[in-house]
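Note: the block below is coords03.txt and it holds compact mmCIF, C-alpha atoms and all ligand atoms.
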# COMPACT_ATOMS: atom_id res chain seq x y z
CA MET A 1 12.70 -94.98 -102.09
CA ALA A 2 10.87 -92.13 -103.82
CA ARG A 3 12.78 -89.68 -101.62
CA ARG A 4 16.10 -91.24 -102.56
CA ALA A 5 15.23 -90.97 -106.25
CA LEU A 6 14.37 -87.31 -105.69
CA VAL A 7 17.74 -86.64 -104.03
CA VAL A 8 19.59 -88.42 -106.87
CA ALA A 9 17.59 -86.45 -109.46
CA PHE A 10 18.40 -83.17 -107.66
CA VAL A 11 22.12 -83.94 -107.44
CA LEU A 12 22.33 -84.99 -111.09
CA GLY A 13 19.93 -82.46 -112.52
CA VAL A 14 20.68 -79.31 -110.51
CA ALA A 15 23.62 -79.51 -108.09
CA THR A 16 26.13 -81.16 -110.48
CA PRO A 17 25.53 -78.78 -113.44
CA LEU A 18 25.69 -75.78 -111.07
CA ALA A 19 28.93 -77.05 -109.46
CA ALA A 20 30.39 -77.75 -112.93
CA ALA A 21 29.48 -74.23 -114.13
CA ALA A 22 30.97 -72.69 -110.96
CA ALA A 23 34.19 -74.72 -111.31
CA TYR A 24 34.46 -73.80 -115.02
CA THR A 25 34.11 -70.12 -114.13
CA LEU A 26 36.43 -70.16 -111.11
CA LEU A 27 39.14 -71.99 -113.06
CA GLY A 28 39.05 -69.19 -115.64
CA LEU A 29 37.96 -71.54 -118.44
CA TRP A 30 35.05 -69.37 -119.62
CA SER A 31 36.02 -67.75 -122.94
CA VAL A 32 35.50 -63.99 -123.03
CA ARG A 33 36.66 -63.43 -126.63
CA ALA A 34 34.51 -61.18 -128.79
CA ALA A 35 36.07 -62.56 -131.98
CA THR A 36 34.41 -65.98 -131.47
CA SER A 37 30.79 -66.92 -130.81
CA PRO A 38 29.89 -68.35 -127.38
CA PRO A 39 28.41 -71.84 -126.82
CA TRP A 40 24.76 -71.94 -128.00
CA LEU A 41 23.36 -72.34 -124.47
CA GLU A 42 25.10 -69.15 -123.28
CA ALA A 43 23.90 -67.26 -126.37
CA VAL A 44 20.28 -68.46 -126.02
CA LEU A 45 20.13 -67.68 -122.28
CA ALA A 46 21.64 -64.20 -122.70
CA ARG A 47 19.36 -63.30 -125.65
CA HIS A 48 16.25 -64.46 -123.80
CA ALA A 49 17.24 -62.58 -120.64
CA LEU A 50 17.74 -59.39 -122.68
CA HIS A 51 14.42 -59.69 -124.53
CA LEU A 52 12.39 -60.58 -121.43
CA ALA A 53 13.88 -57.69 -119.45
CA THR A 54 13.36 -55.20 -122.28
CA ARG A 55 9.76 -56.34 -122.81
CA ARG A 56 8.93 -56.01 -119.12
CA GLN A 57 10.58 -52.61 -118.71
CA ALA A 58 8.79 -51.20 -121.75
CA LEU A 59 5.33 -51.89 -120.33
CA GLY A 60 3.51 -48.57 -120.01
CA VAL A 61 6.22 -46.61 -121.90
CA HIS A 62 4.78 -44.76 -124.90
CA ASN A 63 6.30 -42.75 -127.73
CA PRO A 64 5.43 -39.07 -127.05
CA LEU A 65 6.25 -38.01 -130.63
CA PRO A 66 3.96 -38.13 -133.67
CA ASP A 67 5.05 -40.52 -136.38
CA THR A 68 5.43 -37.73 -138.97
CA GLU A 69 7.83 -37.04 -141.83
CA ASP A 70 9.61 -34.43 -139.65
CA THR A 71 10.16 -36.94 -136.83
CA LEU A 72 11.44 -39.58 -139.25
CA ALA A 73 13.78 -37.16 -141.06
CA ALA A 74 15.17 -35.92 -137.72
CA GLY A 75 15.53 -39.52 -136.48
CA MET A 76 17.45 -40.43 -139.63
CA LYS A 77 19.87 -37.55 -138.93
CA VAL A 78 20.38 -38.64 -135.31
CA TYR A 79 21.05 -42.16 -136.60
CA HIS A 80 23.43 -41.01 -139.35
CA ASP A 81 25.43 -38.79 -136.97
CA ASN A 82 25.67 -41.18 -134.01
CA CYS A 83 24.78 -44.76 -134.84
CA ALA A 84 25.73 -45.61 -138.43
CA GLY A 85 29.39 -46.21 -137.49
CA CYS A 86 28.32 -49.45 -135.80
CA HIS A 87 24.88 -50.18 -137.28
CA GLY A 88 25.65 -49.27 -140.91
CA GLU A 89 23.68 -47.57 -143.67
CA PRO A 90 22.21 -48.85 -146.96
CA GLY A 91 25.01 -50.43 -148.99
CA LYS A 92 27.51 -49.49 -146.26
CA PRO A 93 27.49 -52.16 -143.53
CA SER A 94 29.78 -51.36 -140.62
CA HIS A 95 32.91 -53.49 -140.66
CA TRP A 96 33.70 -52.56 -137.06
CA GLY A 97 30.15 -53.37 -135.96
CA THR A 98 30.17 -56.86 -137.43
CA ALA A 99 33.74 -58.18 -137.39
CA ASN A 100 35.31 -59.41 -134.16
CA LEU A 101 32.41 -58.02 -132.13
CA TYR A 102 30.15 -60.24 -130.03
CA PRO A 103 27.30 -59.58 -129.94
CA ALA A 104 27.62 -57.98 -133.38
CA ALA A 105 25.81 -54.68 -133.96
CA PRO A 106 22.63 -55.41 -135.99
CA GLN A 107 22.81 -53.86 -139.48
CA PHE A 108 19.35 -52.28 -139.46
CA SER A 109 19.22 -51.43 -143.15
CA ASP A 110 19.21 -55.16 -144.02
CA HIS A 111 17.81 -56.55 -140.77
CA PRO A 112 15.38 -54.18 -139.06
CA SER A 113 14.87 -54.76 -135.34
CA SER A 114 11.76 -56.66 -134.27
CA LEU A 115 11.60 -54.64 -131.03
CA SER A 116 8.84 -52.11 -130.41
CA THR A 117 9.64 -48.39 -130.52
CA ALA A 118 9.43 -48.21 -126.70
CA GLN A 119 11.77 -51.20 -126.31
CA MET A 120 14.27 -49.59 -128.70
CA PHE A 121 14.00 -46.30 -126.81
CA LEU A 122 14.99 -48.06 -123.56
CA ILE A 123 17.89 -49.93 -125.19
CA ILE A 124 19.20 -46.72 -126.81
CA LYS A 125 18.80 -44.68 -123.62
CA TYR A 126 20.26 -47.20 -121.16
CA GLY A 127 22.37 -49.49 -123.40
CA VAL A 128 22.97 -53.21 -123.08
CA ARG A 129 25.33 -54.40 -120.36
CA TYR A 130 28.37 -56.44 -121.52
CA SER A 131 28.02 -55.23 -125.09
CA ALA A 132 29.28 -52.41 -127.32
CA MET A 133 25.80 -50.82 -127.13
CA GLY A 134 26.35 -48.01 -124.64
CA GLY A 135 23.54 -45.99 -123.07
CA TRP A 136 22.94 -42.59 -124.72
CA ASP A 137 21.34 -41.12 -121.60
CA GLY A 138 22.92 -37.67 -121.16
CA GLU A 139 24.56 -37.83 -124.62
CA LEU A 140 21.30 -37.37 -126.56
CA LYS A 141 18.08 -35.66 -125.47
CA ASP A 142 15.19 -38.05 -124.83
CA ASP A 143 13.34 -36.55 -127.80
CA ASP A 144 16.26 -37.35 -130.10
CA ILE A 145 16.35 -40.92 -128.75
CA TRP A 146 12.61 -41.23 -129.52
CA ARG A 147 13.26 -39.78 -133.00
CA ALA A 148 15.97 -42.40 -133.68
CA ALA A 149 13.74 -45.20 -132.32
CA THR A 150 10.79 -44.01 -134.44
CA PHE A 151 13.02 -43.89 -137.52
CA LEU A 152 14.26 -47.45 -136.85
CA SER A 153 10.70 -48.70 -136.36
CA ARG A 154 9.75 -47.36 -139.81
CA ILE A 155 13.01 -48.12 -141.60
CA ARG A 156 11.25 -50.36 -144.16
CA THR A 157 8.18 -48.11 -144.54
CA LEU A 158 9.65 -44.60 -144.72
CA PRO A 159 7.66 -41.92 -146.56
CA PRO A 160 9.17 -41.27 -150.04
CA ALA A 161 10.79 -37.91 -149.09
CA VAL A 162 12.77 -39.54 -146.25
CA ALA A 163 13.35 -42.84 -148.07
CA THR A 164 15.13 -41.16 -151.00
CA THR A 165 17.62 -39.46 -148.65
CA TRP A 166 18.10 -42.67 -146.64
CA ASN A 167 18.66 -44.89 -149.63
CA PRO A 168 19.35 -42.84 -152.78
CA ARG A 169 20.05 -46.00 -154.89
C1 LIG B 201 29.94 -48.78 -130.63
C2 LIG B 201 28.95 -49.43 -131.44
C3 LIG B 201 27.51 -48.99 -131.33
C4 LIG B 201 26.99 -47.71 -131.46
C5 LIG B 201 27.75 -46.40 -131.73
C6 LIG B 201 25.56 -47.84 -131.34
N1 LIG B 201 25.21 -49.14 -131.14
FE1 LIG B 201 23.31 -49.90 -130.99
N2 LIG B 201 24.04 -51.75 -130.64
C7 LIG B 201 25.38 -52.10 -130.70
C8 LIG B 201 25.51 -53.53 -130.42
C9 LIG B 201 26.80 -54.32 -130.37
C10 LIG B 201 24.19 -54.01 -130.22
C11 LIG B 201 23.78 -55.46 -129.89
C12 LIG B 201 23.60 -55.58 -128.38
C13 LIG B 201 23.06 -56.97 -128.01
O1 LIG B 201 22.47 -57.65 -128.85
O2 LIG B 201 23.24 -57.35 -126.85
C14 LIG B 201 23.30 -52.85 -130.36
C15 LIG B 201 21.93 -52.94 -130.23
C16 LIG B 201 21.06 -51.92 -130.54
C17 LIG B 201 19.61 -52.02 -130.54
C18 LIG B 201 18.79 -53.28 -130.20
C19 LIG B 201 18.42 -53.99 -131.50
C20 LIG B 201 17.75 -55.32 -131.29
O3 LIG B 201 16.88 -55.67 -132.14
O4 LIG B 201 18.09 -56.07 -130.35
C21 LIG B 201 19.12 -50.80 -130.91
C22 LIG B 201 17.65 -50.42 -131.10
C23 LIG B 201 20.26 -49.94 -131.12
N3 LIG B 201 21.42 -50.64 -130.89
C24 LIG B 201 20.16 -48.62 -131.55
C25 LIG B 201 21.25 -47.75 -131.61
C26 LIG B 201 21.12 -46.32 -131.89
C27 LIG B 201 19.83 -45.60 -132.23
C28 LIG B 201 22.38 -45.81 -131.79
C29 LIG B 201 22.80 -44.36 -131.94
C30 LIG B 201 22.14 -43.39 -131.11
C31 LIG B 201 23.30 -46.91 -131.52
N4 LIG B 201 22.57 -48.06 -131.40
C32 LIG B 201 24.67 -46.78 -131.42
C33 LIG B 201 26.45 -51.26 -130.96
C34 LIG B 201 26.37 -49.90 -131.13
Rewritten as structure tokens:
Amino acid sequence: MARRALVVAFVLGVATPLAAAAAYTLLGLWSVRAATSPPWLEAVLARHALHLATRRQALGVHNPLPDTEDTLAAGMKVYHDNCAGCHGEPGKPSHWGTANLYPAAPQFSDHPSSLSTAQMFLIIKYGVRYSAMGGWDGELKDDDIWRAATFLSRIRTLPPAVATTWNPR
């Protein structure tokens, strides 16, 4: 009797949802539109998978650059020249990065990333699959990627000389 209950629980709890998900996919019913948000379960699973993978891969990776004014000023320039088109600047959010784009590009000036500098380095260098965040490996030198990541990690606590250029308001 207990075994039968186990089989029923397995069929209802695991096999049926998996078969339903497979059928949904194979019938082409899964929406792939960037202009709409996905069902919450898909969004939660994808976000968790990304954060867990990034956290694991960043273990033992350390920023080789000092957290100085020079590094932050250079990181701001890398960001301005390459990233602001999608991630925006103070008072200038990116329309392209936020409208009809899923996942939207975070607007760091208003919503700094909660990732560590090493986690950001890995995301910038290798990108995020199935998103508009491409990998900058080969496009930017590793040092410039570290500079941009260091800048983003200090975006709310920049030294005055860098802060006034970043946000002259
Ligand atoms: C074409 C648009 C585009 C450009 C250009 C771009 N990004 Fe992104 N970026 C994105 C999108 C979209 C995401 C969100 C990916 C996701 O959540 O899966 C993202 C995510 C990130 C993240 C992760 C933030 C977090 O908290 O999860 C970092 C860090 C980042 N980008 C830094 C940069 C830097 C630095 C540059 C320039 C060297 C850059 N990006 C250029 C679109 C872009």
Set out as a tab-separated table a contact list for chain A and ligand LIG 201 (chain B) with a cut-off of 7 Å, giving each residue of chain A that qualifies its closest atom pair and distance in Å to one decimal, counting only C-alpha atoms and all ligand atoms, ordered by chain and rising residue number.
residue	atom	partner	partner_atom	distance
A:Val78	CA	B:LIG201	C30	6.6
A:Tyr79	CA	B:LIG201	C29	5.4
A:Asn82	CA	B:LIG201	C29	4.8
A:Cys83	CA	B:LIG201	C29	3.5
A:Gly85	CA	B:LIG201	C5	6.0
A:Cys86	CA	B:LIG201	C2	4.4
A:His87	CA	B:LIG201	N1	6.2
A:Gly97	CA	B:LIG201	C2	6.1
A:Leu101	CA	B:LIG201	C9	6.9
A:Tyr102	CA	B:LIG201	C9	6.8
A:Pro103	CA	B:LIG201	C9	5.3
A:Ala104	CA	B:LIG201	C9	4.8
A:Ala105	CA	B:LIG201	C8	3.7
A:Pro106	CA	B:LIG201	C10	6.1
A:Ser113	CA	B:LIG201	O3	3.9
A:Ser114	CA	B:LIG201	O3	5.6
A:Leu115	CA	B:LIG201	O3	5.5
A:Met120	CA	B:LIG201	C22	4.2
A:Phe121	CA	B:LIG201	C22	7.0
A:Ile123	CA	B:LIG201	C21	5.9
A:Ile124	CA	B:LIG201	C24	5.2
A:Val128	CA	B:LIG201	O2	5.6
A:Ser131	CA	B:LIG201	C9	5.5
A:Ala132	CA	B:LIG201	C9	4.4
A:Met133	CA	B:LIG201	C7	3.8
A:Gly134	CA	B:LIG201	N1	6.7
A:Trp136	CA	B:LIG201	C30	6.5
A:Ile145	CA	B:LIG201	C30	6.7
A:Ala148	CA	B:LIG201	C27	5.2
A:Ala149	CA	B:LIG201	C27	6.1
Please determine, counting all atoms listed in the file, which residue among A:Arg55, A:Arg169, A:His80, A:Lys92 has the shortest atom-to-atom distance to Asp110 (chain A).
A:Lys92
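The gap separating CA of Phe108 (chain A) from CA of Ser94 (chain A) is 10.5 Å, in Å to one decimal.
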Best match for closeness to Leu152 (chain A) among A:Arg56, A:Lys77, A:His51, A:His95, counting only C-alpha atoms
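Closest to Leu152 (chain A), using only C-alpha atoms: A:Lys77.
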Could you state the separation of CA of Ala23 (chain A) and CA of Phe10 (chain A) in Å, given to one decimal place?
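CA of Phe10 (chain A) lies 18.3 Å from CA of Ala23 (chain A).
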Could you tell me how far CA of Thr117 (chain A) sits from CA of Thr165 (chain A), in Å to one decimal place?
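These atoms are spaced 21.7 Å apart.
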Expected axis-aligned box over every listed atom of region 117-127 of chain A, 5 Å added per side, centre plus edges in Å to one decimal, as lines of an AutoDock Vina configuration file:
center_x = 15.9
center_y = -47.9
center_z = -125.8
size_x = 22.9
size_y = 16.5
size_z = 19.4
Would you kindly return, as an mmCIF file with C-alpha atoms, in the coordinates of the input, each protein, DNA or RNA residue with an atom no farther than 8 Å from any atom of Asn100 (chain A), considering all atoms listed in the file and excluding same-chain residues fewer than 6 positions away?
data_model
loop_
_atom_site.group_PDB
_atom_site.id
_atom_site.type_symbol
_atom_site.label_atom_id
_atom_site.label_comp_id
_atom_site.auth_asym_id
_atom_site.auth_seq_id
_atom_site.Cartn_x
_atom_site.Cartn_y
_atom_site.Cartn_z
ATOM 1 C CA ALA A 34 34.510 -61.180 -128.790
ATOM 2 C CA ALA A 35 36.070 -62.560 -131.980
ATOM 3 C CA THR A 36 34.410 -65.980 -131.470
#
Residue with smallest distance to Thr150 (chain A) - pool A:Gly138, A:Pro66, A:Pro112, A:Pro168, counting only C-alpha atoms:
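Among the listed residues, the smallest separation from Thr150 (chain A) belongs to A:Pro66.
Nearest residue to Asn63 (chain A) among A:Ala9, A:Ala163, A:Asp81, A:Arg147 is A:Arg147, counting all atoms listed in the file.
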Would you pick out the contacts of Thr71 (chain A) at 10 Å or less, using only C-alpha atoms, so that residues sharing its chain but fewer than 2 positions from it are not included, and give the list as JSON, numbers by chain?
{"A": [65, 66, 67, 68, 69, 73, 74, 75, 76, 77, 143, 144, 146, 147, 148, 150, 151]}
